[in-house]
Amino acid sequence: VRGVAEVKEPCSLPMLSVDMENKENGSVGVKNSLENGRPPDPADWAVMDVVDYFRTAGFEEQASAFQEQEIDGKSLLLMTRNDVLTGLQLKLGPALKIYEYHVKPLQTKHLKNNSS
């Protein structure tokens with residue numbers, strides 16, 4: 001079982017609200033609230049919001065790939081499984097977790113919140 005990545009320096013966002021409880025499937029739950037410095041709707045996230053989201057979720061090494069590829073919230077919501085697995089040039093294990101436990105749920109939540 002893989003542990004959550006260590007934080008190397010104190011967080012500069014005192015109101016950060018994160019649920020770092022490990023799930024059985026290896027995912028880490030991240031509460032998306034206004035206090036964490038990101039807009040509630042991922043479509044409004046800037047590139048650094050996306051990077052910070054994945055760093056907070058325990059994907060410190062992989063987060064830089066989103067910055068290098070200039071993935072903002074709108075781009076994140078458009079990503080396919082194949083984009084995450086091959087387009088970001090990540091190792092397969094973390095890429096699968098990023099897509100299944102983060103990208104796909106964010107897309108689903110966004111669609112539910114924006115369908116009338």
# chains A, B, ... in the order shown; residues from 1 in each chain; ligands from 1
$ residues_around --residues "A:Ser64" --least-positions-apart "3" --cutoff "10 Å" --atoms "only C-alpha atoms" --output "VMD selection string"
chain A and resid 48 50 to 52 54 to 55 59 to 61 67 to 70 88
$ residues_around --residues "A:Leu77" --least-positions-apart "5" --cutoff "8 Å" --atoms "only C-alpha atoms" --output "list in words"
Pro42, Ala43, Val103, Leu106 and Gln107 of chain A
$ write_last_selection --atoms "N, CA, C and O atoms" --output "PDB file, in the first residue's frame"
ATOM      1  N   PRO A  42     -14.110  23.262 -11.746  1.00  0.00           N
ATOM      2  CA  PRO A  42     -12.829  23.027 -12.424  1.00  0.00           C
ATOM      3  C   PRO A  42     -12.693  23.751 -13.765  1.00  0.00           C
ATOM      4  O   PRO A  42     -11.581  24.050 -14.181  1.00  0.00           O
ATOM      5  N   ALA A  43     -13.793  24.059 -14.427  1.00  0.00           N
ATOM      6  CA  ALA A  43     -13.732  24.772 -15.707  1.00  0.00           C
ATOM      7  C   ALA A  43     -13.105  26.154 -15.540  1.00  0.00           C
ATOM      8  O   ALA A  43     -12.586  26.728 -16.495  1.00  0.00           O
ATOM      9  N   VAL A 103      -9.575  12.774 -12.728  1.00  0.00           N
ATOM     10  CA  VAL A 103     -10.065  13.421 -13.949  1.00  0.00           C
ATOM     11  C   VAL A 103     -11.505  13.003 -14.237  1.00  0.00           C
ATOM     12  O   VAL A 103     -12.384  13.856 -14.423  1.00  0.00           O
ATOM     13  N   LEU A 106     -14.041  14.407 -11.728  1.00  0.00           N
ATOM     14  CA  LEU A 106     -14.207  15.854 -11.927  1.00  0.00           C
ATOM     15  C   LEU A 106     -15.075  16.128 -13.157  1.00  0.00           C
ATOM     16  O   LEU A 106     -15.929  17.016 -13.134  1.00  0.00           O
ATOM     17  N   GLN A 107     -14.868  15.353 -14.227  1.00  0.00           N
ATOM     18  CA  GLN A 107     -15.674  15.516 -15.446  1.00  0.00           C
ATOM     19  C   GLN A 107     -17.137  15.189 -15.159  1.00  0.00           C
ATOM     20  O   GLN A 107     -18.043  15.922 -15.567  1.00  0.00           O
TER      21      GLN A 107
END
$ residues_around --residues "A:Arg81" --least-positions-apart "4" --cutoff "12 Å" --atoms "only C-alpha atoms" --output "tab-separated table (two decimals) with N, CA and C atoms, in the first residue's frame"
chain	number	residue	atom	x	y	z
A	76	LEU	N	-8.49	20.12	-18.77
A	76	LEU	CA	-8.60	18.95	-17.90
A	76	LEU	C	-9.95	18.25	-18.10
A	77	LEU	N	-11.00	19.05	-18.21
A	77	LEU	CA	-12.35	18.49	-18.37
A	77	LEU	C	-12.55	17.86	-19.75
A	85	LEU	N	-3.11	8.80	-20.19
A	85	LEU	CA	-2.20	7.65	-20.18
A	85	LEU	C	-1.00	7.83	-21.10
A	86	THR	N	-1.17	8.54	-22.21
A	86	THR	CA	-0.07	8.66	-23.16
A	86	THR	C	0.38	10.10	-23.40
A	87	GLY	N	-0.53	11.04	-23.42
A	87	GLY	CA	-0.20	12.43	-23.76
A	87	GLY	C	0.63	13.15	-22.73
A	88	LEU	N	0.54	12.75	-21.47
A	88	LEU	CA	1.29	13.43	-20.42
A	88	LEU	C	2.63	12.77	-20.13
A	92	LEU	N	2.52	4.49	-16.04
A	92	LEU	CA	1.18	3.96	-16.20
A	92	LEU	C	0.38	3.92	-14.89
A	95	ALA	N	-0.74	7.37	-13.78
A	95	ALA	CA	-1.64	7.90	-14.82
A	95	ALA	C	-3.03	7.29	-14.70
A	96	LEU	N	-3.10	5.98	-14.46
A	96	LEU	CA	-4.40	5.32	-14.29
A	96	LEU	C	-5.15	5.89	-13.10
A	97	LYS	N	-4.44	6.06	-11.98
A	97	LYS	CA	-5.08	6.61	-10.78
A	97	LYS	C	-5.54	8.04	-11.00
A	98	ILE	N	-4.71	8.84	-11.66
A	98	ILE	CA	-5.07	10.23	-11.94
A	98	ILE	C	-6.34	10.29	-12.77
A	99	TYR	N	-6.43	9.44	-13.81
A	99	TYR	CA	-7.63	9.47	-14.65
A	99	TYR	C	-8.86	8.93	-13.90
A	100	GLU	N	-8.74	7.73	-13.36
A	100	GLU	CA	-9.90	7.06	-12.75
A	100	GLU	C	-10.41	7.75	-11.49
A	101	TYR	N	-9.51	8.23	-10.65
A	101	TYR	CA	-9.91	8.75	-9.34
A	101	TYR	C	-9.99	10.27	-9.28
A	102	HIS	N	-9.55	10.95	-10.33
A	102	HIS	CA	-9.56	12.42	-10.30
A	102	HIS	C	-10.16	13.03	-11.55
A	103	VAL	N	-9.58	12.77	-12.73
A	103	VAL	CA	-10.07	13.42	-13.95
A	103	VAL	C	-11.50	13.00	-14.24
A	104	LYS	N	-11.77	11.70	-14.28
A	104	LYS	CA	-13.11	11.21	-14.60
A	104	LYS	C	-14.16	11.71	-13.59
A	107	GLN	N	-14.87	15.35	-14.23
A	107	GLN	CA	-15.67	15.52	-15.45
A	107	GLN	C	-17.14	15.19	-15.16
